[in-house]
Structures are given as C-alpha cells and as structure tokens.
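J.: Here it is, the structure in full.
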Amino acid sequence: MPEYPNRQFLDFEKPIKELYEQIDQAKKLAEKNAKIDYTSNIQQLEDHIILKRKEITDNLSPWQRVQLSRHPDRPYTLKYIDKMTTNFVEQFGDRNVKDDKAMIGGFGLLDGETVMFIGQQKGTNTKQRQLRNFGMANPEGYRKALRLMKLAEKFDKPIVTLIDTPGAFPGMEAEERGQSEAIARNIYEMFKLKVPVICIIIGEGASGGALGIGVGDKVFMMENSWYTVISPENCSSILWRSWDFKETAAEQLKLTSDYMSKFKLVDGIIPEPPGGAHWDYNASAETLKSFIKDSLAELKKIPAEKRISMRIEKFEKMGFWTE
C-alpha cells in the first residue's frame, strides 16, 4: 500500500493528512536538533492518526462511503488474491470473442485448498484503468467468468467471486454481443452450481455488473462497500437531470453495507481496518480470508442438492413490499 507522501487523501480525510504533515515537521526538527527527543511527540501523533481514522469512518454519510469504496489506494481483486493465496494461476479468454481484462479469474491455493477466484479488476494508473476498462466488463468477461465457474464445478472446487464494478460496460459493442443475455445466463447458471459459491462486494457493487457474478450461497460486503441497482450519480441524473443531487440519491438508495444487512440482502459485513481497507492491505486480506475459510467449512457440510435448494430459496425470499 502507498506510504505517505505518496498516499492520496479524500476531502474528509484531510485531518489525517494534516497529522502526517505534523509528523514530517517533527522529524525534520529532530534531524536539525539531535539534542531534543521528539520520539514521544511523533508516537502521540501516530496514535492520534489511528483514532482519527476510526472517528472519520464511524461518522461517514452514504455518499462518503461511496467515495471511500472508490478510493484510489483501495485494494482491488488481484491485490486481495495476491495477499490471500499462493500459486494463483490466472485463466484467460471466453473461447468465443476475446479475453476481457476487466474480469479476471483463476485457481489459487487458500491455505492449501484449491479455490476458483473470479472478480472485476480496476486499474491502478491511467494506462491500467484503460486496459481494465475501469472494471466494467463486456459480455465476453461474463462468459469467461461462467466458463471458469463450470471449470471449478467440473473439478469440484469452491468458487469465490470478488465484486468491484461501477456496472457492466454500457457501450454499443457490448449490447451487440449480448450484454444482457450474458449476465442473465450467469445468474441462471450460478443458481445451479453444485460447488460452494461465496460472493463478496469489496468495493462498488452496481447493477447487473455485480449480479453477473453475485449469486452465491453466502454474500458478504466489505464495511465500506456499496451494493445497489444504480450508482448515485446516474440515479441523480435520471431523477433530477443533474449529478448535483448524488448525495441525496446515495442516501435514498440505502446502498451501504449496514442497510443491505438490515434488509437481509447480504449475509454479513466484513470489517475493515480503521479508516478503510486502503490503510492496511494485509489486515484487510486476512479478515477477508478468515470469512472465506469459515464459510467454506460451513458450506462443505451441506450436500450439493440441498445447497442448491437453499441458494434458490435464499434469493426468492429477498425484498419486501406493502400493498
């Protein structure tokens, strides 16, 4: 993860940046005057940073959580896979059109157990973002994901999907190649998979782009992720013909992990380090890994046919309404 001064800060993280600047000043003074010990001052500031990180994330608005889910320093799918697994072997192509770089997948060892990992991947710089299409998969990406799911099922290996997308790619070429059919096919086929399936929203979980790899026995959300049918900006542009109401849209969409858990649309919330996952990649990955291992151990005890029935029933019960 980036270290200060290479770390990036959102507007509401500026108090943390100011504390880092004070630490820098203290270190410079210590270099100039070796007779004065600044160690305790620096330690107090470092402790205060941790407290400030927790204070900020404990009081975030829905829109600020959306911003945090998009933090440029936040770990993406490949970073989590790298931290959690060994011997990861990425698979490529949908055997039909091409390889979609926005969707990645492959087998990896999770503490000695082979698991199929699939997820959207965003880029870490301008060139990578263009290559990965900002994490927005085309139809061939979802077809590649389904191919890998079927491969995992063939060899009786569990599947873990890591969801982080602003949505499936909405371009004309994607529609020409059957974007909606590819997503619908994935949803249909995921209900019937005989192996355990765990889905985790690690950042953005928008629309069919998320649902295309989002049907599982267990669905979790990272603490500072969001999950809904449309992004706050697009919702604002539809309802108010302007992006200026995105904060209001985020509030009305009830898209944060606490609301999703309350509505029973997800099975649990995975806590993040104080301030968010971008502050400690190792701790975030270790917590995520623990949730995955515990869930796999639980799911393996259930016969495949019963697991499929429970999966279908789980999604049938979602939602509520009044007449």
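We label chains A, B, ... in the order they appear in the structure tokens, count residues from 1 in each chain, and number ligands from 1 in the order shown.
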Tell me which protein, DNA and RNA residues are within 6 Å of Val197 in chain A, counting only C-alpha atoms, leaving out same-chain ones fewer than 4 positions away, and put them as a list in words.

T.: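 Contacts, in chain order: Ile159, Val160, Gly216 and Asp217 of chain A.
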
J.: Dump all heavy atoms for the selected residues as a PDB file, in the first residue's frame?

T.:
ATOM      1  N   ILE A 159     -15.977 -21.825  -5.337  1.00  0.00           N
ATOM      2  CA  ILE A 159     -15.841 -20.580  -6.098  1.00  0.00           C
ATOM      3  C   ILE A 159     -15.995 -19.392  -5.162  1.00  0.00           C
ATOM      4  O   ILE A 159     -16.907 -19.349  -4.333  1.00  0.00           O
ATOM      5  CB  ILE A 159     -16.912 -20.505  -7.199  1.00  0.00           C
ATOM      6  CG1 ILE A 159     -16.756 -21.676  -8.174  1.00  0.00           C
ATOM      7  CG2 ILE A 159     -16.847 -19.174  -7.944  1.00  0.00           C
ATOM      8  CD1 ILE A 159     -17.960 -21.865  -9.086  1.00  0.00           C
ATOM      9  N   VAL A 160     -15.108 -18.419  -5.308  1.00  0.00           N
ATOM     10  CA  VAL A 160     -15.209 -17.150  -4.579  1.00  0.00           C
ATOM     11  C   VAL A 160     -15.187 -16.020  -5.601  1.00  0.00           C
ATOM     12  O   VAL A 160     -14.258 -15.930  -6.418  1.00  0.00           O
ATOM     13  CB  VAL A 160     -14.043 -16.967  -3.583  1.00  0.00           C
ATOM     14  CG1 VAL A 160     -14.092 -15.572  -2.952  1.00  0.00           C
ATOM     15  CG2 VAL A 160     -14.094 -18.027  -2.494  1.00  0.00           C
ATOM     16  N   GLY A 216     -24.732 -16.434  -4.900  1.00  0.00           N
ATOM     17  CA  GLY A 216     -23.956 -17.404  -4.133  1.00  0.00           C
ATOM     18  C   GLY A 216     -24.666 -17.918  -2.901  1.00  0.00           C
ATOM     19  O   GLY A 216     -25.718 -17.404  -2.509  1.00  0.00           O
ATOM     20  N   ASP A 217     -24.074 -18.927  -2.286  1.00  0.00           N
ATOM     21  CA  ASP A 217     -24.609 -19.465  -1.034  1.00  0.00           C
ATOM     22  C   ASP A 217     -24.456 -18.453   0.097  1.00  0.00           C
ATOM     23  O   ASP A 217     -25.281 -18.375   0.993  1.00  0.00           O
ATOM     24  CB  ASP A 217     -23.869 -20.757  -0.660  1.00  0.00           C
ATOM     25  CG  ASP A 217     -23.957 -21.797  -1.750  1.00  0.00           C
ATOM     26  OD1 ASP A 217     -25.076 -22.251  -2.043  1.00  0.00           O
ATOM     27  OD2 ASP A 217     -22.905 -22.156  -2.324  1.00  0.00           O
TER      28      ASP A 217
END

J.: Each residue of range 196-246 of chain A with at least one atom at most 12 Å from range 74-94 of chain A should appear once, together with its nearest atom pair and the corresponding distance in Å (one decimal); atoms considered: only C-alpha atoms; ordering: chain, then increasing residue number; output as a tab-separated table.

T.:
residue	atom	partner	partner_atom	distance
A:Ile200	CA	A:Thr77	CA	10.4
A:Ile201	CA	A:Thr77	CA	10.1
A:Ile202	CA	A:Tyr76	CA	7.7
A:Gly203	CA	A:Tyr76	CA	8.0
A:Glu204	CA	A:Tyr76	CA	10.5
A:Met222	CA	A:Pro75	CA	11.6
A:Asn224	CA	A:Arg74	CA	10.4
A:Ser225	CA	A:Arg74	CA	10.8

J.: Interatomic distance between CA of Leu148 in chain A and CA of Ile104 in chain A?

T.: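 Separating CA of Leu148 in chain A from CA of Ile104 in chain A is a distance of 9.8 Å.
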
J.: Between A:Arg241, A:Lys306, A:Lys144, A:Arg95, single out the one closest to Gly119 in chain A, counting only C-alpha atoms.

T.: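 Smallest separation from Gly119 in chain A among the options: A:Lys144.
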
J.: Write down as a ChimeraX atom specification the residues of range 35-107 of chain A whose backbone DSSP state falls under alpha helix (DSSP H).

T.: /A:39-58,62-69,77-84

J.: Rank A:Lys246, A:His278, A:Lys264, A:Lys194 by their smallest atom-to-atom distance to Glu316 in chain A, using only C-alpha atoms, and report the top residue only.

T.: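 When distances to Glu316 in chain A are compared using only C-alpha atoms, the smallest one comes from A:Lys264.
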
J.: Just the number, please: distance in Å from CA of Lys154 in chain A to CA of Val195 in chain A, one decimal.

T.: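 Separating CA of Lys154 in chain A from CA of Val195 in chain A is a distance of 9.2 Å.
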
J.: Given the choices A:Leu109, A:Ala174, A:Leu255, A:Met103, which gets closest to Gly141 in chain A if the distance is worked out from only C-alpha atoms?

T.: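 When distances to Gly141 in chain A are compared using only C-alpha atoms, the smallest one comes from A:Met103.
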
J.: So that I can check the surroundings of Asp58 in chain A, please list as number ranges by chain every protein, DNA and RNA residue that reaches within 10 Å of it, counting only C-alpha atoms and ignoring chain neighbours fewer than 6 positions away.

T.: A: 52, 274-275

J.: Could those selected residues go to a file with N, CA and C atoms, as a PDB file, in the first residue's frame?

T.:
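What landed in again14.pdb:
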ATOM      1  N   LYS A  52      -8.133   9.110  14.683  1.00  0.00           N
ATOM      2  CA  LYS A  52      -8.807   9.983  13.719  1.00  0.00           C
ATOM      3  C   LYS A  52      -9.394   9.163  12.563  1.00  0.00           C
ATOM      4  N   PRO A 274      -9.345   0.466  10.756  1.00  0.00           N
ATOM      5  CA  PRO A 274      -9.785   1.843  10.987  1.00  0.00           C
ATOM      6  C   PRO A 274      -9.415   2.745   9.812  1.00  0.00           C
ATOM      7  N   GLY A 275     -10.416   3.441   9.270  1.00  0.00           N
ATOM      8  CA  GLY A 275     -10.168   4.328   8.145  1.00  0.00           C
ATOM      9  C   GLY A 275     -10.455   3.699   6.799  1.00  0.00           C
TER      10      GLY A 275
END

J.: Please report the interatomic distance between CA of Pro139 in chain A and CA of Glu189 in chain A in Å with one decimal.

T.: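 Spanning CA of Pro139 in chain A to CA of Glu189 in chain A is a straight-line distance of 15.1 Å.
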
J.: For Phe291 in chain A, find every residue with an atom within 9 Å (counting only C-alpha atoms), except residues of its own chain fewer than 4 positions away, and show them as a list in words.

T.: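 The residues that qualify are Phe220, Ile270, Glu286, Thr287, Ser295 and Leu296 of chain A.
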
J.: Residues as selected, all heavy atoms, written as an mmCIF file, in the first residue's frame, can you do that?

T.:
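Once written, out21.cif looks like this:
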data_model
loop_
_atom_site.group_PDB
_atom_site.id
_atom_site.type_symbol
_atom_site.label_atom_id
_atom_site.label_comp_id
_atom_site.auth_asym_id
_atom_site.auth_seq_id
_atom_site.Cartn_x
_atom_site.Cartn_y
_atom_site.Cartn_z
ATOM 1 N N PHE A 220 -21.367 -11.527 1.060
ATOM 2 C CA PHE A 220 -20.858 -10.613 2.074
ATOM 3 C C PHE A 220 -20.512 -9.262 1.448
ATOM 4 O O PHE A 220 -20.302 -9.159 0.237
ATOM 5 C CB PHE A 220 -19.597 -11.176 2.737
ATOM 6 C CG PHE A 220 -19.808 -12.461 3.487
ATOM 7 C CD1 PHE A 220 -19.288 -13.658 3.021
ATOM 8 C CD2 PHE A 220 -20.525 -12.469 4.677
ATOM 9 C CE1 PHE A 220 -19.472 -14.845 3.708
ATOM 10 C CE2 PHE A 220 -20.719 -13.653 5.378
ATOM 11 C CZ PHE A 220 -20.198 -14.842 4.888
ATOM 12 N N ILE A 270 -18.073 -7.574 6.422
ATOM 13 C CA ILE A 270 -16.678 -7.859 6.755
ATOM 14 C C ILE A 270 -16.009 -6.566 7.209
ATOM 15 O O ILE A 270 -15.923 -5.606 6.439
ATOM 16 C CB ILE A 270 -15.934 -8.450 5.543
ATOM 17 C CG1 ILE A 270 -16.624 -9.740 5.084
ATOM 18 C CG2 ILE A 270 -14.468 -8.698 5.872
ATOM 19 C CD1 ILE A 270 -16.050 -10.337 3.829
ATOM 20 N N GLU A 286 -6.444 -10.513 5.460
ATOM 21 C CA GLU A 286 -6.507 -11.566 6.482
ATOM 22 C C GLU A 286 -7.933 -11.730 7.011
ATOM 23 O O GLU A 286 -8.411 -12.846 7.221
ATOM 24 C CB GLU A 286 -5.556 -11.220 7.630
ATOM 25 C CG GLU A 286 -5.261 -12.367 8.576
ATOM 26 C CD GLU A 286 -4.634 -13.576 7.902
ATOM 27 O OE1 GLU A 286 -3.804 -13.391 6.983
ATOM 28 O OE2 GLU A 286 -5.001 -14.716 8.268
ATOM 29 N N THR A 287 -8.630 -10.606 7.227
ATOM 30 C CA THR A 287 -10.023 -10.668 7.683
ATOM 31 C C THR A 287 -10.902 -11.310 6.620
ATOM 32 O O THR A 287 -11.755 -12.162 6.924
ATOM 33 C CB THR A 287 -10.544 -9.259 8.005
ATOM 34 O OG1 THR A 287 -9.685 -8.633 8.955
ATOM 35 C CG2 THR A 287 -11.953 -9.315 8.583
ATOM 36 N N SER A 295 -16.713 -19.769 5.996
ATOM 37 C CA SER A 295 -17.918 -20.023 5.191
ATOM 38 C C SER A 295 -17.779 -21.302 4.389
ATOM 39 O O SER A 295 -18.731 -22.087 4.275
ATOM 40 C CB SER A 295 -18.173 -18.833 4.249
ATOM 41 O OG SER A 295 -18.439 -17.662 4.983
ATOM 42 N N LEU A 296 -16.586 -21.530 3.824
ATOM 43 C CA LEU A 296 -16.366 -22.761 3.061
ATOM 44 C C LEU A 296 -16.503 -23.995 3.951
ATOM 45 O O LEU A 296 -17.102 -24.998 3.551
ATOM 46 C CB LEU A 296 -14.977 -22.731 2.407
ATOM 47 C CG LEU A 296 -14.807 -21.805 1.202
ATOM 48 C CD1 LEU A 296 -13.374 -21.872 0.684
ATOM 49 C CD2 LEU A 296 -15.786 -22.167 0.088
#

J.: So that I can check the surroundings of range 15-22 of chain A, please list as a VMD selection string every protein, DNA and RNA residue that reaches within 10 Å of it, counting only C-alpha atoms and ignoring chain neighbours fewer than 3 positions away.

T.: chain A and resid 4 to 5 7 to 12 25 to 28 41 to 42 45 to 46 48 to 53 56 275

J.: Those residues you just picked out, can you put them in a file as a CSV table (one decimal), in the first residue's frame with N, CA and C atoms?

T.:
chain,number,residue,atom,x,y,z
A,4,TYR,N,2.9,7.5,3.0
A,4,TYR,CA,3.0,9.0,2.9
A,4,TYR,C,4.4,9.4,2.5
A,5,PRO,N,4.6,10.3,1.5
A,5,PRO,CA,3.7,11.2,1.0
A,5,PRO,C,3.0,10.8,-0.3
A,7,ARG,N,0.6,8.6,-0.5
A,7,ARG,CA,-0.8,8.3,-0.2
A,7,ARG,C,-1.7,9.4,-0.7
A,8,GLN,N,-2.9,9.0,-1.2
A,8,GLN,CA,-3.9,10.0,-1.6
A,8,GLN,C,-4.9,10.1,-0.5
A,9,PHE,N,-5.5,11.4,-0.4
A,9,PHE,CA,-6.5,11.7,0.6
A,9,PHE,C,-7.7,12.2,0.0
A,10,LEU,N,-8.9,11.7,0.5
A,10,LEU,CA,-10.2,12.3,0.1
A,10,LEU,C,-10.4,13.6,0.9
A,11,ASP,N,-11.4,14.4,0.6
A,11,ASP,CA,-11.7,15.6,1.3
A,11,ASP,C,-11.9,15.4,2.8
A,12,PHE,N,-12.6,14.4,3.1
A,12,PHE,CA,-12.9,14.2,4.5
A,12,PHE,C,-11.8,13.5,5.3
A,25,GLN,N,7.1,17.4,10.0
A,25,GLN,CA,7.7,18.6,10.6
A,25,GLN,C,8.6,18.2,11.9
A,26,ALA,N,8.0,17.3,12.7
A,26,ALA,CA,8.7,16.8,13.9
A,26,ALA,C,9.9,16.1,13.5
A,27,LYS,N,9.9,15.3,12.5
A,27,LYS,CA,11.1,14.5,12.1
A,27,LYS,C,12.2,15.4,11.5
A,28,LYS,N,11.8,16.5,10.8
A,28,LYS,CA,12.7,17.5,10.3
A,28,LYS,C,13.4,18.2,11.5
A,41,ASN,N,6.6,12.7,20.9
A,41,ASN,CA,5.6,13.6,20.1
A,41,ASN,C,5.2,12.8,18.9
A,42,ILE,N,6.1,12.2,18.2
A,42,ILE,CA,5.8,11.5,16.9
A,42,ILE,C,4.9,10.3,17.2
A,45,LEU,N,1.4,11.5,17.8
A,45,LEU,CA,0.7,11.9,16.5
A,45,LEU,C,0.3,10.6,15.8
A,46,GLU,N,1.1,9.6,15.8
A,46,GLU,CA,0.8,8.3,15.1
A,46,GLU,C,-0.4,7.7,15.7
A,48,HIS,N,-2.7,9.3,17.3
A,48,HIS,CA,-3.8,10.1,17.0
A,48,HIS,C,-4.4,9.9,15.6
A,49,ILE,N,-3.5,9.5,14.7
A,49,ILE,CA,-3.9,9.2,13.3
A,49,ILE,C,-4.8,8.0,13.3
A,50,ILE,N,-4.5,7.0,14.1
A,50,ILE,CA,-5.4,5.8,14.2
A,50,ILE,C,-6.7,6.1,14.7
A,51,LEU,N,-6.7,7.0,15.8
A,51,LEU,CA,-8.0,7.4,16.4
A,51,LEU,C,-8.8,8.2,15.4
A,52,LYS,N,-8.1,9.1,14.7
A,52,LYS,CA,-8.8,10.0,13.7
A,52,LYS,C,-9.4,9.2,12.6
A,53,ARG,N,-8.6,8.1,12.1
A,53,ARG,CA,-9.2,7.3,11.1
A,53,ARG,C,-10.5,6.6,11.5
A,56,ILE,N,-13.4,9.2,11.8
A,56,ILE,CA,-13.9,9.6,10.5
A,56,ILE,C,-14.8,8.5,9.9
A,275,GLY,N,-10.4,3.4,9.3
A,275,GLY,CA,-10.2,4.3,8.1
A,275,GLY,C,-10.5,3.7,6.8

J.: Produce a table with one row for each residue of range 169-210 of chain A that has an atom at most 12 Å from any atom of range 128-136 of chain A, each row naming the nearest atom pair and its distance in Å at one decimal; use only C-alpha atoms; arrange rows by chain and rising residue number; format as JSON lines.

T.:
{"residue": "A:Phe169", "atom": "CA", "partner": "A:Met136", "partner_atom": "CA", "distance": 4.8}
{"residue": "A:Pro170", "atom": "CA", "partner": "A:Met136", "partner_atom": "CA", "distance": 8.4}
{"residue": "A:Gly171", "atom": "CA", "partner": "A:Met136", "partner_atom": "CA", "distance": 10.2}
{"residue": "A:Ala174", "atom": "CA", "partner": "A:Met136", "partner_atom": "CA", "distance": 10.5}
{"residue": "A:Gln179", "atom": "CA", "partner": "A:Met136", "partner_atom": "CA", "distance": 11.4}
{"residue": "A:Gly203", "atom": "CA", "partner": "A:Gly135", "partner_atom": "CA", "distance": 10.9}
{"residue": "A:Glu204", "atom": "CA", "partner": "A:Gly135", "partner_atom": "CA", "distance": 9.7}
{"residue": "A:Gly205", "atom": "CA", "partner": "A:Gly135", "partner_atom": "CA", "distance": 10.9}
{"residue": "A:Ala206", "atom": "CA", "partner": "A:Met136", "partner_atom": "CA", "distance": 10.1}
{"residue": "A:Ser207", "atom": "CA", "partner": "A:Met136", "partner_atom": "CA", "distance": 11.1}
{"residue": "A:Gly208", "atom": "CA", "partner": "A:Met136", "partner_atom": "CA", "distance": 10.7}
{"residue": "A:Gly209", "atom": "CA", "partner": "A:Met136", "partner_atom": "CA", "distance": 7.3}
{"residue": "A:Ala210", "atom": "CA", "partner": "A:Met136", "partner_atom": "CA", "distance": 9.8}

J.: Mind writing the picked residues with all heavy atoms as a PDB file, in the first residue's frame?

T.:
ATOM      1  N   PHE A 169     -20.217  -2.875 -18.823  1.00  0.00           N
ATOM      2  CA  PHE A 169     -19.942  -1.845 -19.829  1.00  0.00           C
ATOM      3  C   PHE A 169     -21.196  -1.580 -20.674  1.00  0.00           C
ATOM      4  O   PHE A 169     -21.778  -2.513 -21.243  1.00  0.00           O
ATOM      5  CB  PHE A 169     -18.782  -2.279 -20.726  1.00  0.00           C
ATOM      6  CG  PHE A 169     -18.368  -1.228 -21.707  1.00  0.00           C
ATOM      7  CD1 PHE A 169     -17.948   0.021 -21.267  1.00  0.00           C
ATOM      8  CD2 PHE A 169     -18.409  -1.462 -23.070  1.00  0.00           C
ATOM      9  CE1 PHE A 169     -17.569   1.005 -22.164  1.00  0.00           C
ATOM     10  CE2 PHE A 169     -18.034  -0.480 -23.978  1.00  0.00           C
ATOM     11  CZ  PHE A 169     -17.613   0.762 -23.527  1.00  0.00           C
ATOM     12  N   PRO A 170     -21.635  -0.302 -20.787  1.00  0.00           N
ATOM     13  CA  PRO A 170     -22.883   0.014 -21.479  1.00  0.00           C
ATOM     14  C   PRO A 170     -22.704   0.408 -22.942  1.00  0.00           C
ATOM     15  O   PRO A 170     -23.607   0.984 -23.547  1.00  0.00           O
ATOM     16  CB  PRO A 170     -23.400   1.211 -20.666  1.00  0.00           C
ATOM     17  CG  PRO A 170     -22.151   1.931 -20.266  1.00  0.00           C
ATOM     18  CD  PRO A 170     -21.100   0.865 -20.058  1.00  0.00           C
ATOM     19  N   GLY A 171     -21.553   0.120 -23.545  1.00  0.00           N
ATOM     20  CA  GLY A 171     -21.303   0.542 -24.917  1.00  0.00           C
ATOM     21  C   GLY A 171     -22.107  -0.236 -25.948  1.00  0.00           C
ATOM     22  O   GLY A 171     -22.625  -1.327 -25.685  1.00  0.00           O
ATOM     23  N   ALA A 174     -20.939  -3.759 -26.688  1.00  0.00           N
ATOM     24  CA  ALA A 174     -21.311  -4.719 -25.649  1.00  0.00           C
ATOM     25  C   ALA A 174     -22.743  -5.199 -25.856  1.00  0.00           C
ATOM     26  O   ALA A 174     -23.043  -6.397 -25.713  1.00  0.00           O
ATOM     27  CB  ALA A 174     -21.160  -4.093 -24.266  1.00  0.00           C
ATOM     28  N   GLN A 179     -24.850  -8.279 -24.035  1.00  0.00           N
ATOM     29  CA  GLN A 179     -24.508  -7.998 -22.643  1.00  0.00           C
ATOM     30  C   GLN A 179     -25.572  -8.525 -21.679  1.00  0.00           C
ATOM     31  O   GLN A 179     -25.269  -9.234 -20.717  1.00  0.00           O
ATOM     32  CB  GLN A 179     -24.332  -6.479 -22.439  1.00  0.00           C
ATOM     33  CG  GLN A 179     -23.899  -6.050 -21.055  1.00  0.00           C
ATOM     34  CD  GLN A 179     -22.457  -6.390 -20.753  1.00  0.00           C
ATOM     35  OE1 GLN A 179     -22.132  -7.557 -20.527  1.00  0.00           O
ATOM     36  NE2 GLN A 179     -21.598  -5.395 -20.735  1.00  0.00           N
ATOM     37  N   GLY A 203     -15.850  -3.469  -3.121  1.00  0.00           N
ATOM     38  CA  GLY A 203     -15.820  -2.037  -3.418  1.00  0.00           C
ATOM     39  C   GLY A 203     -17.176  -1.585  -3.913  1.00  0.00           C
ATOM     40  O   GLY A 203     -18.118  -1.441  -3.154  1.00  0.00           O
ATOM     41  N   GLU A 204     -17.272  -1.400  -5.221  1.00  0.00           N
ATOM     42  CA  GLU A 204     -18.539  -0.998  -5.819  1.00  0.00           C
ATOM     43  C   GLU A 204     -19.309  -2.233  -6.292  1.00  0.00           C
ATOM     44  O   GLU A 204     -18.742  -3.132  -6.902  1.00  0.00           O
ATOM     45  CB  GLU A 204     -18.292  -0.085  -7.025  1.00  0.00           C
ATOM     46  CG  GLU A 204     -17.591   1.210  -6.679  1.00  0.00           C
ATOM     47  CD  GLU A 204     -17.475   2.132  -7.879  1.00  0.00           C
ATOM     48  OE1 GLU A 204     -16.471   2.045  -8.609  1.00  0.00           O
ATOM     49  OE2 GLU A 204     -18.398   2.946  -8.082  1.00  0.00           O
ATOM     50  N   GLY A 205     -20.596  -2.253  -6.008  1.00  0.00           N
ATOM     51  CA  GLY A 205     -21.443  -3.354  -6.460  1.00  0.00           C
ATOM     52  C   GLY A 205     -22.662  -2.800  -7.152  1.00  0.00           C
ATOM     53  O   GLY A 205     -23.728  -2.674  -6.554  1.00  0.00           O
ATOM     54  N   ALA A 206     -22.511  -2.460  -8.427  1.00  0.00           N
ATOM     55  CA  ALA A 206     -23.579  -1.751  -9.123  1.00  0.00           C
ATOM     56  C   ALA A 206     -24.261  -2.609 -10.179  1.00  0.00           C
ATOM     57  O   ALA A 206     -23.600  -3.243 -10.998  1.00  0.00           O
ATOM     58  CB  ALA A 206     -23.037  -0.478  -9.781  1.00  0.00           C
ATOM     59  N   SER A 207     -25.559  -2.636 -10.127  1.00  0.00           N
ATOM     60  CA  SER A 207     -26.411  -3.119 -11.191  1.00  0.00           C
ATOM     61  C   SER A 207     -26.120  -4.565 -11.597  1.00  0.00           C
ATOM     62  O   SER A 207     -25.625  -5.370 -10.816  1.00  0.00           O
ATOM     63  CB  SER A 207     -26.275  -2.169 -12.389  1.00  0.00           C
ATOM     64  OG  SER A 207     -27.277  -2.409 -13.346  1.00  0.00           O
ATOM     65  N   GLY A 208     -26.426  -4.885 -12.863  1.00  0.00           N
ATOM     66  CA  GLY A 208     -26.201  -6.229 -13.370  1.00  0.00           C
ATOM     67  C   GLY A 208     -24.732  -6.578 -13.444  1.00  0.00           C
ATOM     68  O   GLY A 208     -24.376  -7.767 -13.451  1.00  0.00           O
ATOM     69  N   GLY A 209     -23.881  -5.568 -13.488  1.00  0.00           N
ATOM     70  CA  GLY A 209     -22.443  -5.816 -13.479  1.00  0.00           C
ATOM     71  C   GLY A 209     -22.014  -6.573 -12.250  1.00  0.00           C
ATOM     72  O   GLY A 209     -21.104  -7.407 -12.301  1.00  0.00           O
ATOM     73  N   ALA A 210     -22.673  -6.308 -11.130  1.00  0.00           N
ATOM     74  CA  ALA A 210     -22.384  -7.030  -9.887  1.00  0.00           C
ATOM     75  C   ALA A 210     -23.135  -8.356  -9.841  1.00  0.00           C
ATOM     76  O   ALA A 210     -22.578  -9.387  -9.462  1.00  0.00           O
ATOM     77  CB  ALA A 210     -22.770  -6.167  -8.688  1.00  0.00           C
TER      78      ALA A 210
END

J.: Using only C-alpha atoms, which protein or nucleic acid residues come within 8 Å of Asn186 in chain A? Drop anything in the same chain fewer than 2 positions from it, and give the result as a list in words.

T.: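 Residues meeting the cut-off are Tyr142, Arg143, Leu146, Ala182, Ile183, Ala184, Tyr188, Glu189, Met190, Gly212 and Ile213 of chain A.
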